[in-house]
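S.K.: Contents of entry.cif (mmCIF, C-alpha atoms) are below:
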data_entry
#
loop_
_atom_site.group_PDB
_atom_site.id
_atom_site.type_symbol
_atom_site.label_atom_id
_atom_site.label_comp_id
_atom_site.auth_asym_id
_atom_site.auth_seq_id
_atom_site.Cartn_x
_atom_site.Cartn_y
_atom_site.Cartn_z
ATOM 1 C CA MET A 9 -7.905 -0.924 3.018
ATOM 2 C CA VAL A 10 -5.058 -2.167 0.847
ATOM 3 C CA HIS A 11 -4.159 -5.847 0.646
ATOM 4 C CA PHE A 12 -1.121 -7.183 -1.251
ATOM 5 C CA GLU A 13 -0.398 -10.884 -1.636
ATOM 6 C CA MET A 14 1.871 -12.943 -3.878
ATOM 7 C CA HIS A 15 0.352 -16.390 -4.351
ATOM 8 C CA ASP A 16 2.380 -19.540 -4.977
ATOM 9 C CA ASP A 17 0.753 -19.835 -8.419
ATOM 10 C CA GLY A 18 2.433 -16.598 -9.553
ATOM 11 C CA ILE A 19 -0.614 -14.367 -9.239
ATOM 12 C CA VAL A 20 -0.100 -11.051 -7.505
ATOM 13 C CA ASP A 21 -3.279 -9.957 -5.767
ATOM 14 C CA LEU A 22 -3.615 -6.225 -5.046
ATOM 15 C CA ARG A 23 -6.920 -5.141 -3.514
ATOM 16 C CA LEU A 24 -8.122 -1.683 -2.556
ATOM 17 C CA TYR A 25 -11.468 -1.744 -0.791
ATOM 18 C CA PRO A 26 -13.537 -0.142 1.966
ATOM 19 C CA PRO A 27 -13.215 0.716 4.708
ATOM 20 C CA HIS A 28 -10.653 3.195 3.492
ATOM 21 C CA ALA A 29 -7.887 4.243 5.869
ATOM 22 C CA GLN A 30 -5.523 7.190 5.962
ATOM 23 C CA THR A 31 -2.639 4.818 5.192
ATOM 24 C CA ASP A 32 -4.211 3.489 1.959
ATOM 25 C CA GLU A 33 -2.229 5.691 -0.404
ATOM 26 C CA ALA A 34 1.108 4.908 1.248
ATOM 27 C CA ASP A 35 0.228 1.196 1.402
ATOM 28 C CA TYR A 36 -0.775 1.205 -2.276
ATOM 29 C CA LEU A 37 2.429 2.942 -3.360
ATOM 30 C CA SER A 38 4.432 0.490 -1.238
ATOM 31 C CA ALA A 39 2.671 -2.416 -2.986
ATOM 32 C CA LEU A 40 3.551 -0.914 -6.375
ATOM 33 C CA ASP A 41 7.169 -0.702 -5.285
ATOM 34 C CA ARG A 42 7.106 -4.396 -4.328
ATOM 35 C CA ILE A 43 5.569 -5.289 -7.696
ATOM 36 C CA GLY A 44 8.254 -3.282 -9.467
ATOM 37 C CA HIS A 45 10.933 -5.499 -7.930
ATOM 38 C CA LEU A 46 9.308 -8.873 -8.622
ATOM 39 C CA GLU A 47 11.068 -11.446 -10.752
ATOM 40 C CA GLY A 48 8.817 -13.021 -13.376
ATOM 41 C CA PRO A 49 6.825 -14.680 -14.526
ATOM 42 C CA TYR A 50 3.762 -13.431 -12.689
ATOM 43 C CA ALA A 51 0.350 -11.946 -13.440
ATOM 44 C CA ILE A 52 -1.434 -9.197 -11.533
ATOM 45 C CA VAL A 53 -5.046 -8.995 -10.405
ATOM 46 C CA VAL A 54 -5.960 -5.504 -9.172
ATOM 47 C CA ASP A 55 -9.342 -5.287 -7.456
ATOM 48 C CA ILE A 56 -10.544 -1.744 -6.774
ATOM 49 C CA ALA A 57 -13.801 -1.343 -4.856
ATOM 50 C CA GLY A 58 -15.476 1.930 -3.950
ATOM 51 C CA ASN A 59 -14.124 5.382 -4.642
ATOM 52 C CA THR A 60 -10.365 5.241 -4.444
ATOM 53 C CA HIS A 61 -8.470 8.374 -5.389
ATOM 54 C CA LEU A 62 -4.832 9.319 -5.059
ATOM 55 C CA SER A 63 -3.627 12.727 -3.980
ATOM 56 C CA ARG A 64 -1.810 14.802 -6.586
ATOM 57 C CA GLU A 65 1.504 13.688 -5.064
ATOM 58 C CA GLY A 66 0.305 10.068 -5.148
ATOM 59 C CA GLU A 67 -0.588 10.392 -8.831
ATOM 60 C CA ILE A 68 2.864 11.803 -9.570
ATOM 61 C CA ARG A 69 4.555 8.977 -7.662
ATOM 62 C CA GLN A 70 2.389 6.384 -9.414
ATOM 63 C CA ALA A 71 3.269 7.837 -12.838
ATOM 64 C CA ALA A 72 6.980 7.904 -11.965
ATOM 65 C CA TRP A 73 6.758 4.281 -10.805
ATOM 66 C CA ALA A 74 5.021 3.248 -14.050
ATOM 67 C CA LYS A 75 7.690 4.960 -16.135
ATOM 68 C CA ALA A 76 10.554 3.494 -14.098
ATOM 69 C CA THR A 77 9.168 -0.062 -14.203
ATOM 70 C CA ARG A 78 7.714 -0.088 -17.725
ATOM 71 C CA GLN A 79 10.353 -2.332 -19.274
ATOM 72 C CA ARG A 80 10.688 -4.673 -16.301
ATOM 73 C CA ILE A 81 6.937 -5.235 -15.992
ATOM 74 C CA SER A 82 6.523 -5.666 -19.735
ATOM 75 C CA SER A 83 9.131 -8.439 -19.666
ATOM 76 C CA SER A 84 8.240 -10.130 -16.340
ATOM 77 C CA CYS A 85 4.488 -9.746 -16.021
ATOM 78 C CA ARG A 86 2.351 -11.974 -18.227
ATOM 79 C CA ALA A 87 -1.011 -10.208 -17.791
ATOM 80 C CA LEU A 88 -3.026 -7.693 -15.786
ATOM 81 C CA ALA A 89 -6.649 -8.169 -14.790
ATOM 82 C CA LEU A 90 -8.438 -5.156 -13.347
ATOM 83 C CA VAL A 91 -11.598 -5.728 -11.308
ATOM 84 C CA ARG A 92 -13.919 -2.719 -11.094
ATOM 85 C CA GLU A 93 -17.538 -2.421 -10.040
ATOM 86 C CA ASN A 94 -18.301 -0.663 -13.329
ATOM 87 C CA PRO A 95 -15.670 -1.762 -15.867
ATOM 88 C CA ASN A 96 -14.665 0.881 -18.364
ATOM 89 C CA PRO A 97 -12.937 0.020 -21.674
ATOM 90 C CA ARG A 98 -10.838 3.175 -21.282
ATOM 91 C CA SER A 99 -9.156 1.580 -18.248
ATOM 92 C CA ARG A 100 -8.004 -1.333 -20.399
ATOM 93 C CA GLN A 101 -6.748 1.017 -23.107
ATOM 94 C CA SER A 102 -4.774 3.082 -20.592
ATOM 95 C CA PHE A 103 -2.960 0.035 -19.239
ATOM 96 C CA GLU A 104 -2.365 -1.396 -22.722
ATOM 97 C CA ARG A 105 -0.605 1.838 -23.703
ATOM 98 C CA LEU A 106 1.506 1.645 -20.568
ATOM 99 C CA TRP A 107 2.742 -1.963 -20.793
ATOM 100 C CA ALA A 108 3.127 -4.550 -23.529
ATOM 101 C CA ILE A 109 1.025 -7.164 -21.705
ATOM 102 C CA PRO A 110 -2.528 -8.483 -22.113
ATOM 103 C CA VAL A 111 -5.060 -6.503 -20.061
ATOM 104 C CA HIS A 112 -8.567 -7.538 -19.065
ATOM 105 C CA VAL A 113 -11.130 -5.391 -17.233
ATOM 106 C CA THR A 114 -14.083 -7.075 -15.547
ATOM 107 C CA SER A 115 -16.455 -6.817 -12.609
ATOM 108 C CA ASN A 116 -15.960 -10.507 -11.759
ATOM 109 C CA ARG A 117 -13.047 -11.424 -9.466
ATOM 110 C CA ASP A 118 -13.094 -15.125 -10.454
ATOM 111 C CA GLU A 119 -12.971 -14.177 -14.135
ATOM 112 C CA ALA A 120 -9.989 -11.927 -13.416
ATOM 113 C CA HIS A 121 -8.115 -14.756 -11.693
ATOM 114 C CA GLN A 122 -8.910 -17.134 -14.559
ATOM 115 C CA PHE A 123 -7.555 -14.594 -17.053
ATOM 116 C CA ALA A 124 -4.351 -14.171 -15.016
ATOM 117 C CA ALA A 125 -3.886 -17.918 -14.553
ATOM 118 C CA ARG A 126 -4.450 -18.577 -18.258
ATOM 119 C CA HIS A 127 -1.644 -16.179 -19.156
ATOM 120 C CA LEU A 128 0.634 -17.955 -16.728
ATOM 121 C CA GLY A 129 -0.286 -21.278 -18.294
ATOM 122 C CA ARG A 130 -1.806 -22.466 -15.025
ATOM 123 C CA ALA A 131 -5.230 -23.422 -13.750
ATOM 124 C CA ALA A 132 -6.957 -20.807 -11.616
ATOM 125 C CA ARG A 133 -6.827 -21.475 -7.894
ATOM 126 C CA PRO A 134 -10.118 -22.422 -6.246
#
Written as structure tokens, that's how I'd like the structure from this file.
M.R.:
Amino acid sequence: MVHFEMHDDGIVDLRLYPPHAQTDEADYLSALDRIGHLEGPYAIVVDIAGNTHLSREGEIRQAAWAKATRQRISSSCRALALVRENPNPRSRQSFERLWAIPVHVTSNRDEAHQFAARHLGRAARP
């Protein structure tokens, strides 16, 4: 399941979690497209639970999106927090090479929101 929400505090919440559906990849790519058109400032929290994999075409579309939005996201987005069950420092490094924004990888959703809120200069929502 894919859930996309833009909160009033400027935090974009993108969650991918079980149960997985056949529409997940299309929904995820649609959410990326929405993020690519956002006006700043905002921060993104991406929460990925379970095994989520894109098809080869999905990976190509994701890479094209990242390339096309690189400058806009680097100037509008204040931070990215990635929530993973088993955080990997390589994930942080990959995103840091992609965009010129602070990146944090954690297994704790509340910590991710606090990181995002801090970079927006706001208190985390309860």
S.K.: Name all residues at most 12 Å from Ile81 (chain A) (count all atoms listed in the file; drop same-chain ones fewer than 2 positions away) and give them as a PyMOL selection string.
M.R.: chain A and resi 40-52+73-79+83-88+103+106-110
S.K.: Excluding region 57-68 of chain A and its own-chain neighbours fewer than 6 positions away, which residues fall within 7 Å of it when counting only C-alpha atoms? Please give them as a VMD selection string.
M.R.: chain A and resid 24 to 26 33 92 to 93
S.K.: Using the chain letters and numbers from the file, which residues does the PyMOL selection byres ((chain A and resi 112) around 7) grab, as a list in words?
M.R.: Leu88, Ala89, Leu90, Arg100, Pro110, Val111, Val113 and Thr114 of chain A
S.K.: With C-alpha atoms retained, write the just-selected residues as a short mmCIF file (atom, residue, chain, number, x, y, z; two decimals), keeping the file's coordinate frame.
M.R.:
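Saved as again38.cif:
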data_model
loop_
_atom_site.label_atom_id
_atom_site.label_comp_id
_atom_site.auth_asym_id
_atom_site.auth_seq_id
_atom_site.Cartn_x
_atom_site.Cartn_y
_atom_site.Cartn_z
CA LEU A 88 -3.03 -7.69 -15.79
CA ALA A 89 -6.65 -8.17 -14.79
CA LEU A 90 -8.44 -5.16 -13.35
CA ARG A 100 -8.00 -1.33 -20.40
CA PRO A 110 -2.53 -8.48 -22.11
CA VAL A 111 -5.06 -6.50 -20.06
CA VAL A 113 -11.13 -5.39 -17.23
CA THR A 114 -14.08 -7.08 -15.55
#
S.K.: Take CA of Val20 (chain A) and CA of Ala39 (chain A) and report the distance between them in Å, one decimal.
M.R.: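 Taking CA of Val20 (chain A) as the start and CA of Ala39 (chain A) as the end point, the length is 10.1 Å.
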S.K.: Counting all atoms listed in the file, which residue out of A:Val91, A:Glu119, A:Arg105, A:Leu128 sits closest to Ile56 (chain A)?
M.R.: A:Val91
S.K.: Counting all atoms listed in the file, which residue out of A:Gln101, A:Pro95, A:Leu37, A:Arg126 sits closest to Ala72 (chain A)?
M.R.: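 Looking at the shortest contact to Ala72 (chain A), the residue is A:Leu37.
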S.K.: Take CA of His121 (chain A) and CA of Met14 (chain A) and report the distance between them in Å, one decimal.
M.R.: 12.8 Å
S.K.: For a quick check of understanding, using all atoms listed in the file, which of A:Ala120, A:Ala29, A:Ala34, A:Val53 has the smallest distance to His15 (chain A)?
M.R.: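 Under the stated criterion, the closest residue is A:Val53.
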S.K.: For CA of Arg69 (chain A) and CA of Pro27 (chain A), quote the distance in Å rounded to one decimal.
M.R.: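 Computed distance, CA of Arg69 (chain A) to CA of Pro27 (chain A), equals 23.2 Å.
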